[in-house]
>>> print(open('coords_32.txt').read())   # compact mmCIF, C-alpha atoms
# COMPACT_ATOMS: atom_id res chain seq x y z
CA MET A 1 -16.28 1.69 37.71
CA ASP A 2 -18.27 -1.03 35.92
CA ALA A 3 -16.54 -0.15 32.64
CA VAL A 4 -13.14 -0.47 34.31
CA ARG A 5 -14.09 -3.84 35.78
CA SER A 6 -15.41 -5.02 32.42
CA LYS A 7 -12.20 -3.96 30.69
CA ARG A 8 -10.11 -5.69 33.35
CA ARG A 9 -12.15 -8.89 33.02
CA SER A 10 -11.79 -8.76 29.26
CA ARG A 11 -8.02 -8.41 29.53
CA ILE A 12 -7.80 -11.25 32.03
CA GLN A 13 -10.00 -13.44 29.84
CA THR A 14 -7.78 -12.74 26.86
CA GLN A 15 -4.70 -13.64 28.87
CA LYS A 16 -6.34 -16.86 30.07
CA ARG A 17 -7.29 -17.86 26.53
CA GLU A 18 -3.74 -17.23 25.34
CA LEU A 19 -2.39 -19.29 28.22
CA ILE A 20 -4.68 -22.17 27.28
CA LEU A 21 -3.77 -21.97 23.60
CA GLU A 22 -0.05 -21.96 24.38
CA ALA A 23 -0.46 -25.01 26.63
CA ALA A 24 -2.61 -26.75 24.03
CA LEU A 25 -0.05 -26.10 21.30
CA GLU A 26 2.58 -27.87 23.38
CA VAL A 27 0.29 -30.81 24.19
CA PHE A 28 -1.13 -31.22 20.67
CA SER A 29 2.32 -30.97 19.04
CA GLN A 30 3.57 -33.78 21.29
CA HIS A 31 0.57 -36.10 21.35
CA GLY A 32 -1.53 -35.17 18.32
CA PHE A 33 -5.24 -34.45 18.51
CA ARG A 34 -6.27 -37.99 19.39
CA GLY A 35 -3.63 -38.47 22.06
CA ALA A 36 -4.19 -35.11 23.75
CA THR A 37 -6.73 -34.67 26.53
CA ILE A 38 -8.41 -31.71 28.19
CA ASP A 39 -6.83 -32.80 31.49
CA GLN A 40 -3.34 -32.61 29.95
CA ILE A 41 -4.02 -29.15 28.53
CA ALA A 42 -5.45 -27.90 31.81
CA GLU A 43 -2.42 -29.20 33.71
CA ALA A 44 -0.02 -27.59 31.22
CA ALA A 45 -1.94 -24.30 31.57
CA GLY A 46 -1.84 -24.52 35.35
CA MET A 47 -5.60 -24.37 35.81
CA SER A 48 -8.48 -26.65 36.66
CA LYS A 49 -10.45 -28.49 33.98
CA PRO A 50 -13.72 -26.63 34.82
CA ASN A 51 -11.87 -23.32 34.58
CA LEU A 52 -10.46 -24.26 31.18
CA LEU A 53 -13.90 -25.31 29.92
CA TYR A 54 -15.20 -21.87 30.85
CA TYR A 55 -13.04 -20.43 28.05
CA PHE A 56 -13.29 -23.28 25.52
CA ARG A 57 -16.20 -25.71 25.32
CA SER A 58 -14.13 -28.69 24.21
CA LYS A 59 -10.80 -30.00 23.01
CA GLU A 60 -12.12 -29.62 19.46
CA ALA A 61 -12.81 -25.90 20.01
CA ILE A 62 -9.24 -25.34 21.22
CA HIS A 63 -7.82 -27.29 18.30
CA VAL A 64 -9.88 -25.42 15.69
CA THR A 65 -8.76 -22.06 17.13
CA LEU A 66 -5.11 -23.15 16.97
CA MET A 67 -5.46 -24.44 13.41
CA GLN A 68 -7.12 -21.22 12.23
CA ARG A 69 -4.24 -19.20 13.67
CA LEU A 70 -1.71 -21.62 12.24
CA LEU A 71 -3.17 -21.43 8.77
CA GLU A 72 -2.98 -17.63 8.86
CA THR A 73 0.69 -17.88 9.88
CA TRP A 74 1.37 -20.56 7.27
CA LEU A 75 -0.19 -18.56 4.45
CA ALA A 76 1.57 -15.28 5.25
CA PRO A 77 4.85 -16.05 3.38
CA LEU A 78 2.96 -17.22 0.29
CA GLN A 79 0.80 -14.09 0.33
CA GLU A 80 3.93 -11.95 0.02
CA ILE A 81 4.84 -13.28 -3.44
CA ASP A 82 4.38 -10.23 -5.67
CA ASP A 83 3.65 -10.56 -9.37
CA VAL A 84 5.46 -7.32 -10.20
CA GLY A 85 8.69 -8.42 -8.50
CA ASP A 86 11.61 -10.28 -10.02
CA PRO A 87 10.59 -13.97 -10.12
CA ILE A 88 13.89 -15.38 -8.86
CA SER A 89 14.05 -12.84 -6.04
CA GLU A 90 10.42 -13.45 -5.07
CA LEU A 91 10.87 -17.24 -4.94
CA SER A 92 14.17 -16.91 -3.10
CA ALA A 93 12.51 -14.76 -0.47
CA TYR A 94 9.67 -17.27 -0.19
CA ILE A 95 12.09 -20.15 0.42
CA ARG A 96 13.87 -18.17 3.13
CA ARG A 97 10.61 -17.13 4.80
CA LYS A 98 9.48 -20.77 4.89
CA LEU A 99 12.77 -21.82 6.47
CA GLU A 100 12.43 -19.05 9.05
CA MET A 101 9.03 -20.50 9.93
CA ALA A 102 10.56 -23.97 10.27
CA ARG A 103 13.09 -22.45 12.66
CA ASP A 104 10.68 -20.27 14.65
CA TYR A 105 7.48 -22.37 14.68
CA PRO A 106 8.45 -26.07 14.97
CA ARG A 107 5.52 -26.95 17.25
CA GLU A 108 3.02 -25.38 14.87
CA SER A 109 4.57 -27.32 12.00
CA ARG A 110 4.23 -30.62 13.87
CA LEU A 111 0.63 -29.78 14.77
CA PHE A 112 -0.20 -29.13 11.11
CA ALA A 113 1.61 -32.28 9.96
CA ASN A 114 -0.25 -34.42 12.50
CA GLU A 115 -3.57 -33.07 11.31
CA ILE A 116 -2.73 -33.72 7.66
CA LEU A 117 -1.56 -37.27 8.40
CA GLN A 118 -4.95 -37.97 9.97
CA GLY A 119 -6.69 -36.85 6.78
CA ALA A 120 -7.28 -33.23 7.87
CA PRO A 121 -10.74 -34.01 9.35
CA ARG A 122 -10.91 -30.76 11.31
CA ILE A 123 -9.36 -28.33 8.82
CA MET A 124 -10.44 -29.61 5.40
CA PRO A 125 -12.76 -26.61 4.85
CA MET A 126 -9.77 -24.31 5.46
CA ILE A 127 -7.60 -26.28 3.04
CA GLU A 128 -10.27 -26.38 0.35
CA GLY A 129 -11.07 -22.72 1.00
CA GLU A 130 -8.42 -20.15 1.95
CA LEU A 131 -5.42 -22.36 1.22
CA LYS A 132 -6.54 -23.52 -2.21
CA THR A 133 -7.65 -20.03 -3.22
CA LEU A 134 -4.26 -18.55 -2.32
CA VAL A 135 -2.28 -21.34 -4.00
CA ASP A 136 -4.38 -20.96 -7.16
CA GLU A 137 -3.63 -17.22 -7.13
CA LYS A 138 0.14 -17.66 -6.70
CA ALA A 139 0.31 -20.54 -9.18
CA ALA A 140 -1.26 -18.20 -11.73
CA ILE A 141 1.44 -15.61 -11.00
CA ILE A 142 4.18 -18.20 -11.47
CA LYS A 143 2.57 -19.40 -14.70
CA GLY A 144 2.43 -15.79 -15.88
CA TRP A 145 6.19 -15.48 -15.28
CA MET A 146 6.70 -18.62 -17.35
CA ASN A 147 4.51 -17.38 -20.19
CA ALA A 148 6.50 -14.14 -20.22
CA GLY A 149 9.76 -16.09 -20.46
CA ARG A 150 10.98 -14.79 -17.10
CA ILE A 151 11.49 -18.28 -15.62
CA ALA A 152 11.69 -21.76 -17.13
CA ARG A 153 8.51 -23.73 -17.61
CA THR A 154 7.46 -26.19 -14.93
CA ASP A 155 4.33 -27.12 -12.99
CA PRO A 156 3.70 -24.21 -10.57
CA TYR A 157 1.66 -26.32 -8.14
CA HIS A 158 4.31 -28.99 -7.79
CA LEU A 159 6.94 -26.28 -7.43
CA ILE A 160 5.01 -24.89 -4.44
CA PHE A 161 4.54 -28.41 -3.02
CA ALA A 162 8.26 -29.11 -3.35
CA ILE A 163 9.16 -25.90 -1.51
CA TRP A 164 6.71 -26.82 1.24
CA ALA A 165 8.13 -30.32 1.58
CA THR A 166 11.80 -29.36 1.66
CA THR A 167 11.48 -26.37 3.97
CA GLN A 168 9.07 -27.98 6.43
CA HIS A 169 11.42 -30.95 6.73
CA TYR A 170 13.69 -28.76 8.85
CA ALA A 171 10.88 -28.36 11.40
CA ASP A 172 9.25 -31.80 11.41
CA PHE A 173 12.53 -33.75 11.27
CA ASP A 174 14.75 -31.30 13.12
CA VAL A 175 16.07 -33.95 15.53
CA GLN A 176 17.16 -36.08 12.61
CA VAL A 177 18.70 -33.12 10.75
CA ARG A 178 20.78 -32.06 13.75
CA ALA A 179 21.86 -35.62 14.54
CA VAL A 180 23.01 -36.32 10.98
CA LEU A 181 24.76 -32.96 10.55
CA GLY A 182 26.54 -33.39 13.87
CA PRO A 183 27.53 -30.76 16.45
CA LYS A 184 29.71 -28.73 14.06
CA ARG A 185 26.97 -28.16 11.48
CA GLY A 186 23.78 -28.79 13.45
CA GLY A 187 23.54 -25.35 15.06
CA ASP A 188 21.47 -22.38 13.97
CA GLY A 189 23.62 -22.03 10.88
CA ARG A 190 21.94 -25.13 9.44
CA PHE A 191 19.04 -22.95 8.29
CA ASP A 192 21.35 -20.64 6.32
CA ASP A 193 23.04 -23.68 4.80
CA ALA A 194 19.63 -25.08 3.89
CA ALA A 195 18.54 -21.79 2.34
CA ARG A 196 21.61 -21.63 0.11
CA PHE A 197 21.15 -25.23 -1.00
CA LEU A 198 17.43 -24.92 -1.69
CA GLU A 199 17.94 -21.70 -3.64
CA GLN A 200 20.50 -23.50 -5.78
CA LEU A 201 18.26 -26.55 -6.13
CA PHE A 202 15.12 -24.68 -7.17
CA LEU A 203 16.22 -21.38 -8.61
CA ASP A 204 19.11 -22.43 -10.83
CA GLY A 205 16.71 -24.74 -12.62
CA LEU A 206 14.14 -21.98 -13.01
CA LYS A 207 16.41 -19.41 -14.61
CA PRO A 208 15.36 -18.88 -18.24
CA GLU A 209 17.75 -19.88 -20.98
CA ALA A 210 19.79 -17.01 -22.36
>>> encode(input="coords_32.txt", output="structure tokens")
Amino acid sequence: MDAVRSKRRSRIQTQKRELILEAALEVFSQHGFRGATIDQIAEAAGMSKPNLLYYFRSKEAIHVTLMQRLLETWLAPLQEIDDVGDPISELSAYIRRKLEMARDYPRESRLFANEILQGAPRIMPMIEGELKTLVDEKAAIIKGWMNAGRIARTDPYHLIFAIWATTQHYADFDVQVRAVLGPKRGGDGRFDDAARFLEQLFLDGLKPEA
């Protein structure tokens, strides 16, 4: 009986933590870290402040948990670049995966952008650690493709930065994108249009000379 109760408590605790994190994501993405408060998160989660603090000690603890999850999500598309694959196909797939993230995770994108604009005070170890290590690894793959004559020479780091900037634009500035495109082009098809354009922009220039 005690084991059953313990398992039930564990499941309830997990559900409560997920509820808090979902509420915090909404609050942080709207107000940023500095503008968000524990009271706002508790209200969004539908629980009392003392109850929330039972699961997370502070606003900082909630934010760090969200950023760790976000970084894992953010790095997943880059991790899938395979050195044995066709370079153009691999980079095309990466662009499309990043646009899918812009479409599916706009709040997470805004949360990350807000943190970076503040100087990344709470996630700098992650950026200098996991993120840099992975980018170094994939930049080496891209450079290897260049050395083998499989794609044109360019700076692999700035190529990755440019893909980040152009794809994330469709999350962070989505209101602007939809307003400028107008009702006929501002629907879900805008991400397919963006993918085709970005593939042309990046990949045509990377094709090796015959």
>>> closest_residue(input="coords_32.txt", among="A:Thr166, A:Gln13, A:Thr65, A:Thr37", to="Arg122 (chain A)", atoms="all atoms listed in the file")
A:Thr65
>>> residues_around(input="coords_32.txt", residues="Leu78 (chain A)", least_positions_apart="3", cutoff="9 Å", atoms="only C-alpha atoms", output="list in words")
Trp74, Leu75, Ile81, Tyr94, Arg97, Lys98, Leu134, Val135 and Lys138 of chain A
>>> closest_atom_pairs(input="coords_32.txt", of="region 63-145 of chain A", to="region 168-180 of chain A", cutoff="10 Å", atoms="all atoms listed in the file", output="tab-separated table")
residue	atom	partner	partner_atom	distance
A:Lys98	CA	A:Gln168	CA	7.4
A:Leu99	CA	A:Gln168	CA	7.2
A:Glu100	CA	A:Ala171	CA	9.7
A:Met101	CA	A:Ala171	CA	8.2
A:Ala102	CA	A:Ala171	CA	4.5
A:Arg103	CA	A:Ala171	CA	6.4
A:Asp104	CA	A:Ala171	CA	8.7
A:Tyr105	CA	A:Ala171	CA	7.6
A:Pro106	CA	A:Ala171	CA	4.9
A:Arg107	CA	A:Ala171	CA	8.1
A:Glu108	CA	A:Ala171	CA	9.1
A:Ser109	CA	A:Ala171	CA	6.4
A:Arg110	CA	A:Asp172	CA	5.7
A:Leu111	CA	A:Asp172	CA	9.5
A:Phe112	CA	A:Asp172	CA	9.8
A:Ala113	CA	A:Asp172	CA	7.8
A:Asn114	CA	A:Asp172	CA	9.9
>>> residues_around(input="coords_32.txt", residues="Glu130 (chain A)", least_positions_apart="2", cutoff="12 Å", atoms="all atoms listed in the file", output="number ranges by chain")
A: 68, 71-72, 74-76, 78-79, 123-128, 132-137
>>> closest_residue(input="coords_32.txt", among="A:Leu91, A:Leu117, A:Leu21, A:Leu66", to="Arg34 (chain A)", atoms="all atoms listed in the file")
A:Leu117
>>> residues_around(input="coords_32.txt", residues="Glu199 (chain A)", least_positions_apart="4", cutoff="8 Å", atoms="all atoms listed in the file", output="PyMOL selection string")
chain A and resi 92+95+195+203-204
>>> atom_distance(input="coords_32.txt", atom1="CA of Thr73 (chain A)", atom2="CA of Gly35 (chain A)")
24.3 Å
>>> atom_distance(input="coords_32.txt", atom1="CA of Ile151 (chain A)", atom2="CA of Pro208 (chain A)")
4.7 Å
>>> residues_around(input="coords_32.txt", residues="region 38-53 of chain A", least_positions_apart="6", cutoff="6 Å", atoms="only C-alpha atoms", output="short mmCIF file (atom, residue, chain, number, x, y, z; two decimals) with C-alpha atoms, keeping the file's coordinate frame")
data_model
loop_
_atom_site.label_atom_id
_atom_site.label_comp_id
_atom_site.auth_asym_id
_atom_site.auth_seq_id
_atom_site.Cartn_x
_atom_site.Cartn_y
_atom_site.Cartn_z
CA ILE A 20 -4.68 -22.17 27.28
CA ALA A 23 -0.46 -25.01 26.63
CA ALA A 24 -2.61 -26.75 24.03
CA LYS A 59 -10.80 -30.00 23.01
#
